[in-house]
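S.K.: Contents of model.cif (mmCIF, C-alpha atoms) are below:
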```
data_run
#
loop_
_atom_site.label_atom_id
_atom_site.label_comp_id
_atom_site.auth_asym_id
_atom_site.auth_seq_id
_atom_site.Cartn_x
_atom_site.Cartn_y
_atom_site.Cartn_z
CA MET A 1 10.95 -18.43 7.83
CA THR A 2 9.48 -20.92 5.34
CA ALA A 3 7.42 -20.26 2.22
CA SER A 4 4.28 -21.17 4.20
CA GLN A 5 4.94 -18.45 6.80
CA PRO A 6 4.08 -14.79 6.18
CA ILE A 7 6.93 -12.38 5.51
CA LEU A 8 4.81 -9.65 7.15
CA SER A 9 2.21 -10.31 9.83
CA ILE A 10 0.01 -7.57 11.33
CA LYS A 11 -2.15 -8.58 14.30
CA GLY A 12 -4.73 -6.34 15.99
CA LEU A 13 -2.93 -3.11 15.06
CA GLN A 14 -4.21 0.09 16.67
CA THR A 15 -2.74 3.44 15.65
CA ARG A 16 -4.08 6.61 17.27
CA PHE A 17 -3.54 10.35 16.96
CA VAL A 18 -4.08 12.99 19.63
CA THR A 19 -5.96 15.97 18.18
CA ARG A 20 -7.49 19.12 19.61
CA TYR A 21 -10.89 17.44 19.29
CA GLY A 22 -9.92 14.20 21.03
CA LEU A 23 -8.30 10.85 20.36
CA VAL A 24 -8.63 9.57 16.79
CA THR A 25 -8.19 5.84 16.12
CA ALA A 26 -7.00 5.84 12.51
CA VAL A 27 -6.27 2.09 12.46
CA ASP A 28 -8.46 -0.10 14.64
CA GLY A 29 -7.68 -3.78 15.10
CA VAL A 30 -6.23 -4.42 11.63
CA SER A 31 -4.89 -7.96 11.05
CA LEU A 32 -3.25 -8.95 7.77
CA ASP A 33 -0.59 -11.37 6.52
CA VAL A 34 1.58 -10.99 3.42
CA MET A 35 3.19 -14.17 2.10
CA PRO A 36 6.59 -14.40 0.37
CA GLY A 37 6.32 -13.41 -3.30
CA GLU A 38 2.68 -12.38 -2.95
CA CYS A 39 1.01 -9.16 -4.12
CA VAL A 40 -1.69 -7.91 -1.73
CA GLY A 41 -3.97 -5.02 -2.64
CA ILE A 42 -5.24 -2.60 0.02
CA VAL A 43 -8.36 -0.77 -1.16
CA GLY A 44 -10.56 1.92 0.34
CA GLU A 45 -11.60 5.57 0.21
CA SER A 46 -9.35 8.37 1.41
CA GLY A 47 -9.25 8.35 5.21
CA SER A 48 -9.89 4.61 5.53
CA GLY A 49 -6.53 3.97 7.21
CA LYS A 50 -4.62 2.36 4.32
CA SER A 51 -1.53 4.59 4.37
CA VAL A 52 -1.45 4.91 8.17
CA THR A 53 -1.44 1.11 8.51
CA PHE A 54 1.72 0.83 6.45
CA ALA A 55 3.31 3.98 7.85
CA SER A 56 2.99 2.06 11.13
CA VAL A 57 4.76 -0.92 9.54
CA MET A 58 7.59 1.39 8.40
CA GLY A 59 7.93 3.04 11.83
CA LEU A 60 6.94 6.41 10.41
CA VAL A 61 4.16 7.23 12.88
CA LYS A 62 5.46 9.92 15.23
CA SER A 63 3.91 12.21 17.85
CA PRO A 64 1.07 13.14 18.08
CA GLY A 65 0.50 9.65 16.66
CA SER A 66 1.39 6.35 18.30
CA ILE A 67 0.89 2.61 17.98
CA ASP A 68 -1.23 1.77 21.02
CA GLY A 69 -1.85 -1.92 20.47
CA GLY A 70 -1.20 -4.98 18.37
CA SER A 71 1.82 -6.57 16.78
CA ILE A 72 3.76 -6.18 13.52
CA THR A 73 6.32 -8.85 12.67
CA PHE A 74 8.61 -8.98 9.66
CA GLU A 75 10.28 -12.34 9.09
CA GLY A 76 9.47 -13.14 12.71
CA ARG A 77 10.98 -9.93 14.15
CA GLU A 78 8.69 -7.68 16.17
CA LEU A 79 8.65 -4.15 14.77
CA VAL A 80 6.42 -2.45 17.34
CA GLY A 81 8.77 -0.79 19.80
CA MET A 82 11.83 -1.19 17.55
CA SER A 83 14.38 1.61 17.99
CA ASP A 84 14.81 4.31 15.33
CA ARG A 85 18.37 3.09 14.79
CA ASP A 86 17.24 -0.46 14.03
CA TYR A 87 14.46 0.84 11.79
CA ARG A 88 16.93 2.95 9.79
CA THR A 89 19.01 -0.18 9.21
CA MET A 90 15.98 -2.10 7.95
CA ARG A 91 14.18 0.59 5.88
CA GLY A 92 15.27 0.56 2.26
CA LYS A 93 17.26 -2.63 2.70
CA GLU A 94 14.60 -5.15 3.69
CA ILE A 95 11.34 -3.19 3.45
CA ALA A 96 10.92 -0.24 1.08
CA MET A 97 8.01 2.12 0.49
CA THR A 98 7.15 4.42 -2.38
CA MET A 99 5.13 7.47 -1.38
CA GLN A 100 2.03 8.84 -3.09
CA ASP A 101 3.47 12.05 -4.55
CA ALA A 102 6.86 11.53 -6.17
CA LEU A 103 7.47 15.27 -6.64
CA THR A 104 7.22 16.04 -2.93
CA ALA A 105 8.86 12.77 -1.84
CA LEU A 106 12.02 13.46 -3.85
CA ASN A 107 14.42 16.14 -2.58
CA PRO A 108 14.34 19.01 -5.13
CA ALA A 109 17.82 20.22 -4.07
CA LEU A 110 19.60 16.92 -4.78
CA THR A 111 20.24 15.18 -8.07
CA ILE A 112 18.36 11.99 -8.88
CA GLY A 113 21.67 10.10 -8.89
CA TYR A 114 22.61 11.28 -5.41
CA GLN A 115 19.24 10.16 -4.04
CA ILE A 116 19.72 6.61 -5.36
CA MET A 117 23.41 6.46 -4.41
CA GLU A 118 22.84 7.50 -0.80
CA VAL A 119 20.53 4.50 -0.29
CA LEU A 120 23.13 2.15 -1.75
CA ILE A 121 26.00 3.61 0.27
CA ALA A 122 23.96 3.50 3.49
CA HIS A 123 22.67 -0.07 3.14
CA ASP A 124 24.56 -2.14 0.58
CA SER A 125 27.34 -4.18 2.22
CA ASP A 126 28.59 -5.22 -1.25
CA LEU A 127 30.00 -1.72 -1.74
CA THR A 128 33.58 -2.00 -0.45
CA GLY A 129 36.83 -0.04 -0.56
CA ASN A 130 37.46 3.60 0.22
CA ARG A 131 34.84 6.33 -0.12
CA SER A 132 35.79 7.12 -3.72
CA ALA A 133 35.56 3.44 -4.76
CA ARG A 134 32.20 3.01 -3.01
CA LYS A 135 30.84 6.13 -4.68
CA LYS A 136 32.02 4.96 -8.11
CA GLU A 137 30.40 1.54 -7.65
CA ALA A 138 27.20 3.14 -6.28
CA ARG A 139 27.01 5.37 -9.35
CA LYS A 140 27.29 2.33 -11.63
CA ARG A 141 24.58 0.52 -9.66
CA ALA A 142 22.36 3.64 -9.78
CA ILE A 143 22.65 3.70 -13.58
CA ASP A 144 21.72 0.00 -13.65
CA MET A 145 18.63 0.71 -11.51
CA MET A 146 17.57 3.54 -13.81
CA GLU A 147 17.88 1.19 -16.78
CA LEU A 148 15.82 -1.41 -14.90
CA VAL A 149 12.92 1.03 -14.46
CA GLY A 150 13.11 2.24 -18.06
CA ILE A 151 14.75 5.66 -17.76
CA PRO A 152 16.33 6.60 -21.15
CA SER A 153 19.98 7.81 -21.21
CA PRO A 154 20.47 7.00 -17.51
CA ALA A 155 24.17 7.95 -17.41
CA THR A 156 23.21 11.50 -18.42
CA ARG A 157 19.97 11.85 -16.49
CA LEU A 158 21.61 10.64 -13.29
CA ASP A 159 22.92 14.19 -12.73
CA GLU A 160 19.57 15.90 -13.33
CA TYR A 161 17.11 17.15 -10.68
CA PRO A 162 13.54 15.95 -9.99
CA HIS A 163 11.92 18.97 -11.66
CA GLN A 164 13.61 17.97 -14.93
CA PHE A 165 11.67 14.67 -14.98
CA SER A 166 8.05 14.12 -16.04
CA GLY A 167 5.51 12.77 -13.54
CA GLY A 168 5.84 9.24 -14.89
CA MET A 169 9.64 9.39 -14.82
CA ARG A 170 9.62 10.69 -11.23
CA GLN A 171 7.40 7.77 -10.23
CA ARG A 172 9.85 5.40 -11.91
CA MET A 173 12.69 7.02 -9.99
CA MET A 174 10.79 6.51 -6.71
CA ILE A 175 10.57 2.82 -7.59
CA ALA A 176 14.27 2.73 -8.52
CA ILE A 177 15.23 4.24 -5.14
CA ALA A 178 12.92 1.82 -3.30
CA LEU A 179 14.38 -1.18 -5.16
CA ALA A 180 18.03 -0.08 -5.05
CA CYS A 181 18.91 -2.58 -2.30
CA ARG A 182 16.54 -5.28 -3.59
CA PRO A 183 14.18 -5.36 -0.58
CA LYS A 184 12.12 -8.41 0.27
CA LEU A 185 8.93 -6.32 0.61
CA LEU A 186 7.83 -3.29 -1.42
CA ILE A 187 4.96 -1.14 -0.15
CA ALA A 188 3.64 0.91 -3.09
CA ASP A 189 1.37 3.67 -1.79
CA GLU A 190 -0.80 4.93 -4.66
CA PRO A 191 2.04 4.53 -7.19
CA THR A 192 -0.09 5.85 -10.06
CA THR A 193 -1.42 9.04 -8.41
CA ALA A 194 -1.71 11.99 -10.85
CA LEU A 195 -0.45 9.94 -13.81
CA ASP A 196 -2.32 9.57 -17.09
CA VAL A 197 -3.80 6.19 -17.94
CA THR A 198 -0.98 5.10 -20.27
CA ILE A 199 1.74 5.92 -17.73
CA GLN A 200 -0.27 4.26 -14.95
CA ALA A 201 -0.26 1.00 -16.91
CA GLN A 202 3.49 1.28 -17.55
CA VAL A 203 4.28 1.85 -13.85
CA LEU A 204 2.09 -1.06 -12.72
CA GLU A 205 3.57 -3.38 -15.35
CA LEU A 206 7.02 -2.32 -14.17
CA ILE A 207 6.24 -3.22 -10.54
CA ALA A 208 4.80 -6.58 -11.64
CA GLU A 209 7.83 -7.33 -13.81
CA ILE A 210 10.35 -6.44 -11.09
CA ARG A 211 8.33 -8.43 -8.53
CA GLN A 212 8.77 -11.51 -10.73
CA LYS A 213 12.47 -10.85 -11.34
CA LEU A 214 13.35 -10.28 -7.67
CA GLY A 215 10.78 -12.64 -6.13
CA MET A 216 9.74 -9.93 -3.69
CA SER A 217 6.41 -9.40 -1.95
CA VAL A 218 4.34 -6.32 -2.83
CA VAL A 219 1.65 -4.41 -0.96
CA LEU A 220 -0.25 -2.21 -3.42
CA ILE A 221 -2.27 0.57 -1.77
CA THR A 222 -4.87 1.98 -4.14
CA HIS A 223 -8.39 3.34 -4.61
CA ASP A 224 -8.80 1.33 -7.80
CA LEU A 225 -10.35 -2.14 -7.67
CA GLY A 226 -9.59 -2.51 -11.38
CA VAL A 227 -5.87 -2.27 -10.63
CA VAL A 228 -6.25 -4.83 -7.85
CA ALA A 229 -8.12 -7.22 -10.15
CA GLU A 230 -5.27 -7.04 -12.68
CA TYR A 231 -2.20 -7.27 -10.44
CA CYS A 232 -3.00 -8.61 -6.94
CA ASP A 233 -3.29 -12.16 -5.59
CA ARG A 234 -5.31 -11.11 -2.55
CA VAL A 235 -7.15 -7.98 -1.50
CA ALA A 236 -8.12 -6.33 1.78
CA VAL A 237 -10.87 -3.69 1.69
CA MET A 238 -10.60 -1.03 4.43
CA TYR A 239 -13.26 1.30 5.76
CA ALA A 240 -13.02 3.77 8.67
CA GLY A 241 -9.86 2.21 10.09
CA GLN A 242 -10.92 -1.44 9.82
CA ILE A 243 -10.55 -4.25 7.31
CA ILE A 244 -14.13 -5.06 6.31
CA GLU A 245 -13.49 -7.74 3.68
CA THR A 246 -10.47 -9.80 2.67
CA GLY A 247 -9.71 -12.82 0.55
CA PRO A 248 -8.40 -13.95 -2.85
CA THR A 249 -8.93 -11.18 -5.41
CA LYS A 250 -11.08 -13.36 -7.66
CA SER A 251 -13.38 -14.26 -4.75
CA VAL A 252 -13.70 -10.76 -3.28
CA ILE A 253 -14.41 -9.14 -6.66
CA GLY A 254 -16.51 -11.96 -8.11
CA GLN A 255 -18.52 -12.68 -4.94
CA SER A 256 -18.15 -9.58 -2.79
CA ALA A 257 -19.87 -10.07 0.53
CA HIS A 258 -19.81 -6.61 2.11
CA PRO A 259 -22.24 -3.91 0.89
CA TYR A 260 -19.35 -1.43 0.81
CA THR A 261 -17.26 -3.63 -1.51
CA GLN A 262 -20.34 -4.13 -3.68
CA GLY A 263 -20.80 -0.36 -3.77
CA LEU A 264 -17.21 0.18 -4.86
CA LEU A 265 -17.68 -2.31 -7.70
CA ARG A 266 -20.96 -0.68 -8.81
CA SER A 267 -19.23 2.68 -9.04
CA ILE A 268 -16.75 1.41 -11.66
CA PRO A 269 -17.77 1.96 -15.32
CA ASN A 270 -18.39 -1.37 -17.08
CA LEU A 271 -17.57 -1.24 -20.81
CA ALA A 272 -19.41 -4.53 -21.34
CA HIS A 273 -22.65 -3.01 -20.00
CA LEU A 274 -22.73 0.61 -21.12
CA ASP A 275 -26.49 0.68 -20.58
CA LYS A 276 -25.98 0.25 -16.81
CA LYS A 277 -25.83 3.46 -14.80
CA ILE A 278 -22.95 4.02 -12.39
CA ARG A 279 -24.29 3.95 -8.83
CA PRO A 280 -22.11 5.93 -6.43
CA ILE A 281 -22.12 5.13 -2.71
CA GLU A 282 -24.27 7.75 -1.00
CA GLY A 283 -22.93 9.70 1.98
CA GLN A 284 -19.46 10.17 3.44
CA VAL A 285 -17.00 8.16 5.50
CA PRO A 286 -17.83 8.84 9.19
CA GLU A 287 -15.56 11.06 11.27
CA LEU A 288 -13.09 8.81 13.11
CA ILE A 289 -13.60 10.85 16.27
CA ASP A 290 -17.36 10.22 16.22
CA LEU A 291 -17.89 6.67 14.96
CA PRO A 292 -21.31 5.00 15.03
CA PRO A 293 -21.81 1.98 17.29
CA GLY A 294 -21.57 -1.38 15.60
CA CYS A 295 -21.03 -1.33 11.84
CA ARG A 296 -19.17 1.78 10.66
CA PHE A 297 -20.86 1.61 7.26
CA ILE A 298 -24.36 1.64 8.76
CA GLY A 299 -25.14 5.23 7.75
CA ARG A 300 -24.55 4.48 4.06
CA CYS A 301 -25.71 0.88 3.83
CA GLU A 302 -28.84 -0.11 1.88
CA LYS A 303 -29.04 -3.43 3.79
CA ARG A 304 -28.79 -2.11 7.36
CA HIS A 305 -31.11 -3.37 10.09
CA GLU A 306 -31.33 -3.45 13.90
CA GLY A 307 -28.50 -5.96 14.41
CA CYS A 308 -25.99 -3.66 12.71
CA THR A 309 -25.76 -1.48 15.84
CA ASP A 310 -24.13 -4.34 17.77
CA PRO A 311 -20.34 -4.99 17.58
CA ILE A 312 -19.53 -6.59 14.21
CA HIS A 313 -16.68 -9.10 13.93
CA MET A 314 -15.00 -10.74 10.95
CA ARG A 315 -16.63 -14.01 9.88
CA ASP A 316 -15.81 -16.65 7.29
CA ILE A 317 -17.51 -16.79 3.91
CA ASP A 318 -15.26 -19.70 2.98
CA GLU A 319 -11.80 -20.92 3.98
CA LEU A 320 -9.97 -17.82 2.66
CA HIS A 321 -12.70 -15.19 2.22
CA ARG A 322 -13.74 -13.20 5.34
CA VAL A 323 -16.11 -10.29 5.89
CA ARG A 324 -17.07 -7.89 8.70
CA CYS A 325 -20.83 -7.99 8.14
CA ILE A 326 -23.87 -9.86 9.46
CA TRP A 327 -25.72 -9.72 6.13
CA THR A 328 -26.60 -13.27 5.03
CA GLY A 329 -28.30 -12.51 1.73
CA ASP A 330 -27.15 -12.97 -1.83
CA PHE A 331 -23.43 -12.25 -2.15
CA SER A 332 -23.55 -10.75 -5.64
CA ASN A 333 -22.60 -7.51 -7.28
CA ASP A 334 -26.00 -6.79 -8.81
#
```
When written as structure tokens, how does the structure in this file appear?

M.R.:
Amino acid sequence: MTASQPILSIKGLQTRFVTRYGLVTAVDGVSLDVMPGECVGIVGESGSGKSVTFASVMGLVKSPGSIDGGSITFEGRELVGMSDRDYRTMRGKEIAMTMQDALTALNPALTIGYQIMEVLIAHDSDLTGNRSARKKEARKRAIDMMELVGIPSPATRLDEYPHQFSGGMRQRMMIAIALACRPKLLIADEPTTALDVTIQAQVLELIAEIRQKLGMSVVLITHDLGVVAEYCDRVAVMYAGQIIETGPTKSVIGQSAHPYTQGLLRSIPNLAHLDKKIRPIEGQVPELIDLPPGCRFIGRCEKRHEGCTDPIHMRDIDELHRVRCIWTGDFSND
């Protein structure tokens, strides 16, 4: 793999779930590349398919769910159809993922130190010698990781349990566990959920700092376009299981082309224009089991017309900026 080739490439991904009401396509034809050292933001409302897309990448979609189409390659290796054994070897070592809720993701019955050390012992080939020697070295490395993510008195807190940590500290520990083996790709799924604004900023700065130190790629899954504007090189906006707009962050936010992206931007408070009212997007995301024909945003779109009931494909706005919309009007956020 060269620097010009993506470290992660998703092509036409389809992930479905069998439910009592019928077949639900949670991810429908998603295509996305992540380049080495790049930070890509994935934005959309709850239920848009963001987390399921990257659970598919991590091989975490199990029955009644399945990947029914498309390709996922990591450094040229096909992941769709990979055995659980091969996935276990790769997870944590080459690709790592932090989950949305650190309190439920961490095991309450095990110490924080044990949960970092088990990742190191399972994956790090640099740990050599007998079991006692490996455990001693893993403990030292775990303390180093806790220092890296800003945990005070790590040698002491290593033997504490998740409930003894604050929400921000638990999130830092999730990052420490994910980064223990220095993966090439970090998938951060809502890393600032349920944290206050100050701690959110600290966690995001931490991810950005470690990304620079390790030279790793980052996928940042979030609801917050403000976070994307601050930390991401590129952004993909998802809606009802599809990517509906993608491109360089500056282009997508400054010249958003899809009415949904424009609606997301209008719903963010603007401190420079306090006289402007916040305009929420009317309506709800459609049920994935009963999707409208054509554009999936049609029921909420102010610019809809007859052509929106036909199949809508991605088209180019410029060389890097693409949109799933037939609207040809003014691409502005007003």

S.K.: What's the 9 Å shell around stretch 172-187 of chain A, counting all atoms listed in the file, without same-chain residues fewer than 2 positions away, as number ranges by chain?

M.R.: A: 7-8, 36-37, 54, 91-99, 102, 105-106, 112, 115-117, 119-120, 123-124, 141-142, 145-146, 148-151, 162, 167-170, 189, 191, 203, 206-207, 210-211, 214-221

S.K.: Apply the PyMOL selection byres ((chain A and resi 223) around 7) to the displayed file and report the matching residues as a short mmCIF file (atom, residue, chain, number, x, y, z; two decimals) with C-alpha atoms, in the frame of the given file.

M.R.:
```
data_model
loop_
_atom_site.label_atom_id
_atom_site.label_comp_id
_atom_site.auth_asym_id
_atom_site.auth_seq_id
_atom_site.Cartn_x
_atom_site.Cartn_y
_atom_site.Cartn_z
CA VAL A 43 -8.36 -0.77 -1.16
CA GLY A 44 -10.56 1.92 0.34
CA GLU A 45 -11.60 5.57 0.21
CA THR A 222 -4.87 1.98 -4.14
CA ASP A 224 -8.80 1.33 -7.80
CA LEU A 225 -10.35 -2.14 -7.67
#
```

S.K.: Using only C-alpha atoms, determine which residues lie at most 7 Å from stretch 277-283 of chain A, disregarding the query and same-chain residues fewer than 3 positions distant; provide the list as a short mmCIF file (atom, residue, chain, number, x, y, z; two decimals) with C-alpha atoms, keeping the file's coordinate frame.

M.R.:
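result14.cif was written with the following content:
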```
data_model
loop_
_atom_site.label_atom_id
_atom_site.label_comp_id
_atom_site.auth_asym_id
_atom_site.auth_seq_id
_atom_site.Cartn_x
_atom_site.Cartn_y
_atom_site.Cartn_z
CA GLY A 263 -20.80 -0.36 -3.77
CA ARG A 266 -20.96 -0.68 -8.81
CA SER A 267 -19.23 2.68 -9.04
CA ILE A 268 -16.75 1.41 -11.66
CA PRO A 269 -17.77 1.96 -15.32
CA ARG A 300 -24.55 4.48 4.06
#
```

S.K.: Given the choices A:Lys140, A:Met58, A:Tyr161, A:Gly41, which gets closest to A:Asn107 if the distance is worked out from all atoms listed in the file?

M.R.: A:Tyr161

S.K.: Which residue gives the smallest distance to A:Gly65 among A:Gly47, A:Tyr231, A:Gly307, A:Gln14, with all atoms listed in the file counted?

M.R.: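 Of A:Gly47, A:Tyr231, A:Gly307, A:Gln14, the one nearest A:Gly65, counting all atoms listed in the file, is A:Gln14.
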
S.K.: Please tell me which residues are no farther than 10 Å from (-15.6, -6.0, 5.7) in the file, counting only C-alpha atoms, and write them as a list in words.

M.R.: Ala236, Val237, Met238, Tyr239, Gln242, Ile243, Ile244, Glu245, Thr246, Ser256, Ala257, His258, Pro259, Tyr260, Thr261, Cys295, Arg296, Phe297, Ile312, His313, Met314, Arg315, Arg322, Val323, Arg324, Cys325 and Ile326 of chain A

S.K.: Show me, as a list in words, the residues that have an atom within 9 Å of A:Thr25 when counting only C-alpha atoms, minus same-chain residues fewer than 5 positions from it.

M.R.: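 Once the nearby chain positions are removed, what remains is Gln14, Thr15, Arg16, Phe17, Val18, Gly241, Leu288 and Ile289 of chain A.
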
S.K.: Which residues are near A:Ile10? Cut-off 6 Å, only C-alpha atoms, ignore same chain within fewer than 6 positions. Put them as number ranges by chain.

M.R.: A: 31-32, 71-72

S.K.: Missing atoms in stretch 47-61 of chain A should be modelled up to N, CA and C atoms and reported as a CSV table (one decimal), in the coordinates of the input.

M.R.:
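Saved file part03.csv follows:
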```
chain,number,residue,atom,x,y,z
A,47,GLY,N,-8.9,8.3,3.8
A,47,GLY,CA,-9.2,8.4,5.2
A,47,GLY,C,-9.6,7.0,5.8
A,48,SER,N,-9.5,5.9,5.0
A,48,SER,CA,-9.9,4.6,5.5
A,48,SER,C,-8.8,4.0,6.4
A,49,GLY,N,-7.6,4.5,6.4
A,49,GLY,CA,-6.5,4.0,7.2
A,49,GLY,C,-5.5,3.2,6.5
A,50,LYS,N,-5.5,3.2,5.1
A,50,LYS,CA,-4.6,2.4,4.3
A,50,LYS,C,-3.2,2.8,4.5
A,51,SER,N,-2.9,4.1,4.3
A,51,SER,CA,-1.5,4.6,4.4
A,51,SER,C,-1.0,4.6,5.8
A,52,VAL,N,-1.9,4.9,6.8
A,52,VAL,CA,-1.4,4.9,8.2
A,52,VAL,C,-1.1,3.5,8.6
A,53,THR,N,-1.8,2.5,8.2
A,53,THR,CA,-1.4,1.1,8.5
A,53,THR,C,0.0,0.8,8.1
A,54,PHE,N,0.4,1.2,6.9
A,54,PHE,CA,1.7,0.8,6.4
A,54,PHE,C,2.8,1.9,6.8
A,55,ALA,N,2.4,3.1,7.2
A,55,ALA,CA,3.3,4.0,7.8
A,55,ALA,C,3.7,3.4,9.2
A,56,SER,N,2.7,2.7,9.9
A,56,SER,CA,3.0,2.1,11.1
A,56,SER,C,4.0,0.9,10.9
A,57,VAL,N,3.8,0.2,9.8
A,57,VAL,CA,4.8,-0.9,9.5
A,57,VAL,C,6.2,-0.4,9.4
A,58,MET,N,6.3,0.8,8.7
A,58,MET,CA,7.6,1.4,8.4
A,58,MET,C,8.2,2.2,9.6
A,59,GLY,N,7.4,2.3,10.7
A,59,GLY,CA,7.9,3.0,11.8
A,59,GLY,C,7.9,4.5,11.6
A,60,LEU,N,7.0,5.0,10.8
A,60,LEU,CA,6.9,6.4,10.4
A,60,LEU,C,5.9,7.2,11.2
A,61,VAL,N,5.2,6.5,12.1
A,61,VAL,CA,4.2,7.2,12.9
A,61,VAL,C,4.8,7.9,14.1
```
